[in-house]
Amino acid sequence: MGVIMNADAALLSGVEFKWKARDAFALAVAEFRVLHGERLLLLGPSGSGKSTLLSLLTGIATSQAGIVEILGTALGGLGNSGRDRFRAEHFGIIFQMFNLLPYGTVLDNVLLPLSFAPSRRARAIAAGGPEVEAKRLLSALGLPTDIGRRSAANLSVGQQQRVAAARALIGSPEIVVADEPTSALDEDRQQDFLDLLFDQIDATNATLIMVSHDRRLSRYFNRTLQLKDIVGGLNQRGVTA
Amino acid sequence: MIIGRLAWQSLRNRWITVLLTILAISMSVILLLGVEKVRNGARESFAGTVSGADVVIGARSGGMQLLLYSIFHIGNATNNVTWRSYEDVVSRPDVAWAIPLSLGDSHRGFRVIGTTGDYFEHFQYRGGQSLKFTGGKAFDDLFDVVLGSDVAGQLGYEVGEKIVIAHGIGSLGPKHDDLPFRISGILARTGTPVDKSLQVSLAAIEAIHVDWRSGSRIPGLHTPADRLRQMSLQPKAITAAIVGLKSRLQVIGFQRAINEYRAEPLSAVMPGVALQEMWGLVGTAETALLGVSAMVVVTSMLGLSAMILSTLSERRREIAIFRSLGARPFTIAGLLVAEATFLTVAGIALGMNALYAILIIARPFIDKRFGIDIGVAPPTVTDMLLLSAILAGGILAGLVPAYRAYRMSIANGMMVRT
């Protein structure tokens with residue numbers, strides 16, 4: 001269990017959002033709070049607005065109304081490149097599948113986020129150097145020690161997810177966002193993967209926000225929320241897709 | 001550093017299309033600069049048809065016409081220059097040397113030029129090169145003839161053989177077959193009309209026409225060669241003359257003096273100026289050629305743009321990953337522009353190397369076959385400008401997919417589409 005502190009890692013309040021090109025789809029969030037150090041599971045099927053919510057949280061998309069505050073910083077107050085920089089510095093993101101650049105080596109894939117995040121790079125250097133830290137994470141996540149030089153294209157799906165986790169964790173970002181990271185794994189591997197991920201997240205006291213459709217996962221988390229309880233559609237046609 | 005390495009690996013991952021794109025760009029570089037080289041070579045070889053000569057003199061006519069019949073042996077003179085006027089003109093104090101030319105006869109389609117030994121001494125082409133003999137020597141006897149290299153080569157003549165000269169320039173004209181000529185020498189290749197001509201002495205031209213009046217033989221008259229050798233064969237007229245002056249500065253004054261010559265209407269042209277005028281006429285074709293190669297460059301740039309654009313759909317995932325890691329849309333667009341720039345630079349480098357290899361290998365062949373010397377020189381300022389234009393085109397071609405990727409990376413957000 002992570003230490004629950006009294007500060008918000010993330011706060012969404014009165015948010016309304018439309019993807020500009022497709023004005024039929026819209027999303028509203030009255031209030032959504034994630035505490036610092038919390039492990040939060042968001043449950044919901046695909047199409048329930050989870051990608052949009054994660055885009056808003058990480059500052060890839062910006063809301064037309066309301067407040068999105070991450071670690072005390074209002075994302076709306078940052079410029080476009082400011083938000084990109086903020087995301088690089090404070091978020092580690094794991095996707096459902098196809099996380100890695102297939103032509104790169106494992107090590108380059110893990111080290112890539114440091115190119116966009118000077119503070120994370122500084123933390124990795126303080127931890128013994130970026131490459132050392134990357135190798136430490138890879139082996140802590142249960143990967144063979146010589147995997148760094150291999151091409152990402154030659155890994156199994158399970159290995160790819162662990163490399164993606166190492167990439168999300170390098171330089172100790174404050175918030176880790178995971179979008180269905182276990183859905184491509186079988187049940188045993190799900191368990192292994194989550195155990196190893198939680199160990200690393202506990203070590204840096206990071207906040208974890210995970211989205212899944214699998215309610216059995218809730219036993220690993222401090223709190224479980226239904227996506228449909230957070231997200232309301234302004235336009236019913238689009239949201240029920 | 002990692003970004004650069006990943007961009008490089010991304011290229012390596014697509015090496016076949018990348019290689020083909022680089023090849024297409026290098027082909028367009030070869031074509032554009034190759035055409036430019038051949039163009040310059042052709043112009044210089046053309047301008048070098050006569051060099052070192054200050055003025056060409058002939059009967060009153062246009063400058064181009066005078067040059068066409070006297071130097072290029074195309075068409076005929078409207079009138080002759082009397083020997084008296086010629087002697088009068090070349091005895092002026094500013095004249096350093098003069099080569100008289102007497103045209104009108106031929107041998108199997110090649111022009112026969114009546115001239116003097118000065119022809120071999122003073123005639124120069126391509127930046128001051130003098131005529132050289134590959135065999136034999138200049139004419140000595142009245143019935144000696146010197147052959148240009150094409151004449152000897154195409155007809156298979158060798159020094160010492162005897163040939164017959166025909167009256168007029170058609171190959172079916174009556175022949176001076178009673179008075180054969182001995183080949184005394186064969187000239188080295190020049191890449192100029194000299195190669196397609198035969199040289200005899202002025203006296204020889206007179207000699208073969210002793211028994212002729214107004215273009216046909218006087219029936220029953222036959223003066224044997226030995227008697228001709230003893231006759232005084234002073235020409236009464238010549239067709240044209242090439243004149244070198246003691247100083248370049250005197251050209252304008254000399255030209256005016258000739259054009260205002262009282263005794264008979266004469267014209268004097270500066271060959272350089274007239275050659276340039278003539279190139280202006282021929283030049284339309286080379287401009288068209290340059291236009292075509294410019295189109296090839298544009299095509300290769302469109303290919304470059306299409307190649308990168310076509311990879312975008314399969315690179316959506318890559319772009320989404322970069323974005324999720326904090327890469328700005330601008331960085332992603334920059335990567336694509338950098339890719340286009342790299343491919344263009346690689347294409348230019350490959351093209352330039354291939355071009356110079358081709359030039360070095362093909363130069364002797366082209367010179368021999370077409371009489372065009374394509375100089376193997378470092379790139380000129382024009383070449384550099386053309387290359388910069390290609391580079392700019394490549395960057396421009398990269399901007400199109402870059403802009404699309406920029407829009408895409410903003411619109412797609414975090415959705416990784418597969």
# chains A, B, ... in the order shown; residues from 1 in each chain; ligands from 1

call {"tool": "select_by_dssp", "arguments": {"residues": "stretch 25-156 of chain A", "states": "strand (DSSP E)", "output": "list in words"}}
result
Ala26, Leu27, Ala28, Val29, Ala30, Glu31, Phe32, Arg33, Val34, Leu35, Arg39, Leu40, Leu41, Leu42, Leu43, Ala65, Gly66, Ile67, Val68, Glu69, Ile70, Thr73, Ala74, Phe91, Gly92, Ile93 and Ile94 of chain A

call {"tool": "interface_residues", "arguments": {"of": "chain A", "to": "chain B", "cutoff": "7 Å", "atoms": "only C-alpha atoms", "output": "list in words"}}
result
Ser51, Ser55, Ile60, Ala61, Ser81, Asp84, Arg85, Arg87, Ala88, Ile93, Asn99, Leu101, Tyr103, Gly104, Asp108, Leu112, Pro113 and Phe116 of chain A

call {"tool": "residues_around", "arguments": {"residues": "A:Ile67", "least_positions_apart": "2", "cutoff": "9 Å", "atoms": "only C-alpha atoms", "output": "PyMOL selection string"}}
result
chain A and resi 11-15+63+65+69+74-76

call {"tool": "residues_around", "arguments": {"residues": "A:Ile230", "least_positions_apart": "2", "cutoff": "9 Å", "atoms": "only C-alpha atoms", "output": "PyMOL selection string"}}
result
chain A and resi 28-32+225-228+232

call {"tool": "write_last_selection", "arguments": {"atoms": "N, CA and C atoms", "output": "PDB file, in the first residue's frame"}}
result
ATOM      1  N   ALA A  28     -17.500  15.555 -20.452  1.00  0.00           N
ATOM      2  CA  ALA A  28     -17.512  16.496 -19.337  1.00  0.00           C
ATOM      3  C   ALA A  28     -17.081  15.771 -18.060  1.00  0.00           C
ATOM      4  N   VAL A  29     -16.296  16.443 -17.235  1.00  0.00           N
ATOM      5  CA  VAL A  29     -15.892  15.899 -15.941  1.00  0.00           C
ATOM      6  C   VAL A  29     -16.219  16.952 -14.884  1.00  0.00           C
ATOM      7  N   ALA A  30     -17.184  16.624 -13.994  1.00  0.00           N
ATOM      8  CA  ALA A  30     -17.572  17.593 -12.964  1.00  0.00           C
ATOM      9  C   ALA A  30     -16.454  17.729 -11.944  1.00  0.00           C
ATOM     10  N   GLU A  31     -16.036  16.605 -11.372  1.00  0.00           N
ATOM     11  CA  GLU A  31     -14.874  16.648 -10.503  1.00  0.00           C
ATOM     12  C   GLU A  31     -14.191  15.283 -10.468  1.00  0.00           C
ATOM     13  N   PHE A  32     -12.842  15.321 -10.516  1.00  0.00           N
ATOM     14  CA  PHE A  32     -12.066  14.096 -10.486  1.00  0.00           C
ATOM     15  C   PHE A  32     -10.753  14.421  -9.795  1.00  0.00           C
ATOM     16  N   LEU A 225     -12.583   3.302  -9.439  1.00  0.00           N
ATOM     17  CA  LEU A 225     -13.692   4.154  -9.878  1.00  0.00           C
ATOM     18  C   LEU A 225     -14.223   3.635 -11.204  1.00  0.00           C
ATOM     19  N   GLN A 226     -15.541   3.771 -11.396  1.00  0.00           N
ATOM     20  CA  GLN A 226     -16.122   3.477 -12.707  1.00  0.00           C
ATOM     21  C   GLN A 226     -15.965   4.725 -13.573  1.00  0.00           C
ATOM     22  N   LEU A 227     -15.477   4.526 -14.776  1.00  0.00           N
ATOM     23  CA  LEU A 227     -15.276   5.687 -15.666  1.00  0.00           C
ATOM     24  C   LEU A 227     -16.585   6.443 -15.876  1.00  0.00           C
ATOM     25  N   LYS A 228     -17.684   5.669 -15.974  1.00  0.00           N
ATOM     26  CA  LYS A 228     -18.957   6.332 -16.281  1.00  0.00           C
ATOM     27  C   LYS A 228     -19.425   7.232 -15.130  1.00  0.00           C
ATOM     28  N   GLY A 232     -19.137  12.408 -17.833  1.00  0.00           N
ATOM     29  CA  GLY A 232     -20.495  12.564 -18.339  1.00  0.00           C
ATOM     30  C   GLY A 232     -20.431  13.074 -19.763  1.00  0.00           C
TER      31      GLY A 232
END

call {"tool": "closest_residue", "arguments": {"among": "B:Gly148, B:Gly220, B:Gly58, B:Pro401", "to": "B:Ala333", "atoms": "only C-alpha atoms"}}
result
B:Pro401

call {"tool": "residues_around", "arguments": {"residues": "A:Ser183", "least_positions_apart": "4", "cutoff": "10 Å", "atoms": "only C-alpha atoms", "output": "mmCIF file with C-alpha atoms, in the first residue's frame"}}
result
data_model
loop_
_atom_site.group_PDB
_atom_site.id
_atom_site.type_symbol
_atom_site.label_atom_id
_atom_site.label_comp_id
_atom_site.auth_asym_id
_atom_site.auth_seq_id
_atom_site.Cartn_x
_atom_site.Cartn_y
_atom_site.Cartn_z
ATOM 1 C CA GLN A 96 -2.024 -1.219 -24.089
ATOM 2 C CA MET A 97 0.211 -2.657 -26.834
ATOM 3 C CA ASP A 179 -3.739 2.390 -20.420
ATOM 4 C CA GLU A 187 -3.482 -14.120 -16.247
ATOM 5 C CA GLN A 190 -0.673 -10.072 -15.594
ATOM 6 C CA SER A 212 -8.786 -1.259 -17.440
ATOM 7 C CA HIS A 213 -11.982 -3.134 -18.228
ATOM 8 C CA ASP A 214 -10.965 -5.978 -15.885
#

call {"tool": "atom_distance", "arguments": {"atom1": "atom CA of B:Ile332", "atom2": "atom CA of B:Leu399"}}
result
11.5 Å

call {"tool": "select_by_dssp", "arguments": {"residues": "stretch 25-250 of chain B", "states": "helix (DSSP H, G or I)", "output": "PyMOL selection string"}}
result
chain B and resi 25-47+63-70+83-90+118-122+149-155+193-196+202-208+225-230+248-250

call {"tool": "write_last_selection", "arguments": {"atoms": "C-alpha atoms", "output": "CSV table (one decimal), in the first residue's frame"}}
result
chain,number,residue,atom,x,y,z
B,25,ILE,CA,17.5,12.3,-56.4
B,26,SER,CA,21.1,11.4,-57.5
B,27,MET,CA,19.8,10.6,-61.0
B,28,SER,CA,18.2,14.0,-61.2
B,29,VAL,CA,21.5,15.6,-59.9
B,30,ILE,CA,23.5,13.7,-62.6
B,31,LEU,CA,21.0,14.8,-65.3
B,32,LEU,CA,20.8,18.4,-64.3
B,33,LEU,CA,24.5,19.0,-63.8
B,34,GLY,CA,25.4,16.7,-66.7
B,35,VAL,CA,23.3,18.7,-69.1
B,36,GLU,CA,24.9,21.8,-67.7
B,37,LYS,CA,28.4,20.4,-68.2
B,38,VAL,CA,27.6,19.3,-71.8
B,39,ARG,CA,26.0,22.6,-72.5
B,40,ASN,CA,29.1,24.5,-71.3
B,41,GLY,CA,31.3,22.0,-73.1
B,42,ALA,CA,29.4,22.4,-76.4
B,43,ARG,CA,29.4,26.2,-76.1
B,44,GLU,CA,33.1,26.3,-75.4
B,45,SER,CA,33.9,23.9,-78.1
B,46,PHE,CA,31.8,25.9,-80.5
B,47,ALA,CA,33.3,29.2,-79.4
B,63,GLY,CA,28.7,38.6,-90.2
B,64,MET,CA,27.1,35.2,-89.5
B,65,GLN,CA,27.0,34.4,-93.2
B,66,LEU,CA,30.6,35.2,-93.6
B,67,LEU,CA,31.5,33.0,-90.7
B,68,LEU,CA,29.3,30.2,-91.9
B,69,TYR,CA,30.9,29.8,-95.3
B,70,SER,CA,34.5,30.7,-94.3
B,83,TRP,CA,43.8,39.3,-104.7
B,84,ARG,CA,44.7,42.9,-105.0
B,85,SER,CA,42.4,44.0,-102.2
B,86,TYR,CA,43.6,41.1,-100.1
B,87,GLU,CA,47.3,42.1,-100.6
B,88,ASP,CA,46.4,45.7,-99.9
B,89,VAL,CA,44.6,44.9,-96.7
B,90,VAL,CA,47.1,42.5,-95.2
B,118,ASP,CA,50.3,30.2,-92.9
B,119,TYR,CA,47.2,28.0,-92.4
B,120,PHE,CA,49.2,25.4,-90.5
B,121,GLU,CA,51.3,28.0,-88.7
B,122,HIS,CA,48.7,30.4,-87.5
B,149,SER,CA,41.3,13.8,-89.7
B,150,ASP,CA,37.6,13.0,-90.5
B,151,VAL,CA,38.4,13.0,-94.2
B,152,ALA,CA,41.3,10.6,-93.8
B,153,GLY,CA,39.4,8.5,-91.2
B,154,GLN,CA,36.1,8.1,-93.1
B,155,LEU,CA,37.6,7.6,-96.5
B,193,PRO,CA,35.3,21.9,-89.3
B,194,VAL,CA,39.0,21.6,-90.1
B,195,ASP,CA,38.5,17.9,-89.6
B,196,LYS,CA,36.1,17.8,-92.5
B,202,LEU,CA,46.2,28.6,-103.6
B,203,ALA,CA,48.3,28.0,-106.7
B,204,ALA,CA,46.9,24.5,-106.9
B,205,ILE,CA,43.4,25.9,-107.0
B,206,GLU,CA,44.5,28.1,-109.9
B,207,ALA,CA,46.3,25.2,-111.6
B,208,ILE,CA,43.3,22.9,-111.8
B,225,ALA,CA,51.0,19.0,-114.7
B,226,ASP,CA,54.6,19.6,-115.5
B,227,ARG,CA,53.7,22.7,-117.6
B,228,LEU,CA,51.5,23.9,-114.9
B,229,ARG,CA,54.3,23.7,-112.4
B,230,GLN,CA,56.3,26.2,-114.5
B,248,ARG,CA,43.7,43.4,-79.8
B,249,LEU,CA,43.2,47.1,-79.3
B,250,GLN,CA,43.4,47.6,-83.1

call {"tool": "residues_around", "arguments": {"residues": "A:Pro173", "least_positions_apart": "6", "cutoff": "12 Å", "atoms": "only C-alpha atoms", "output": "PyMOL selection string"}}
result
(chain A and resi 9+37+71+86-93+113-114+117-124+165-167+200-201+203-208) or (chain B and resi 325)

call {"tool": "atom_distance", "arguments": {"atom1": "atom CA of B:Ile165", "atom2": "atom CA of B:Pro235"}}
result
18.0 Å
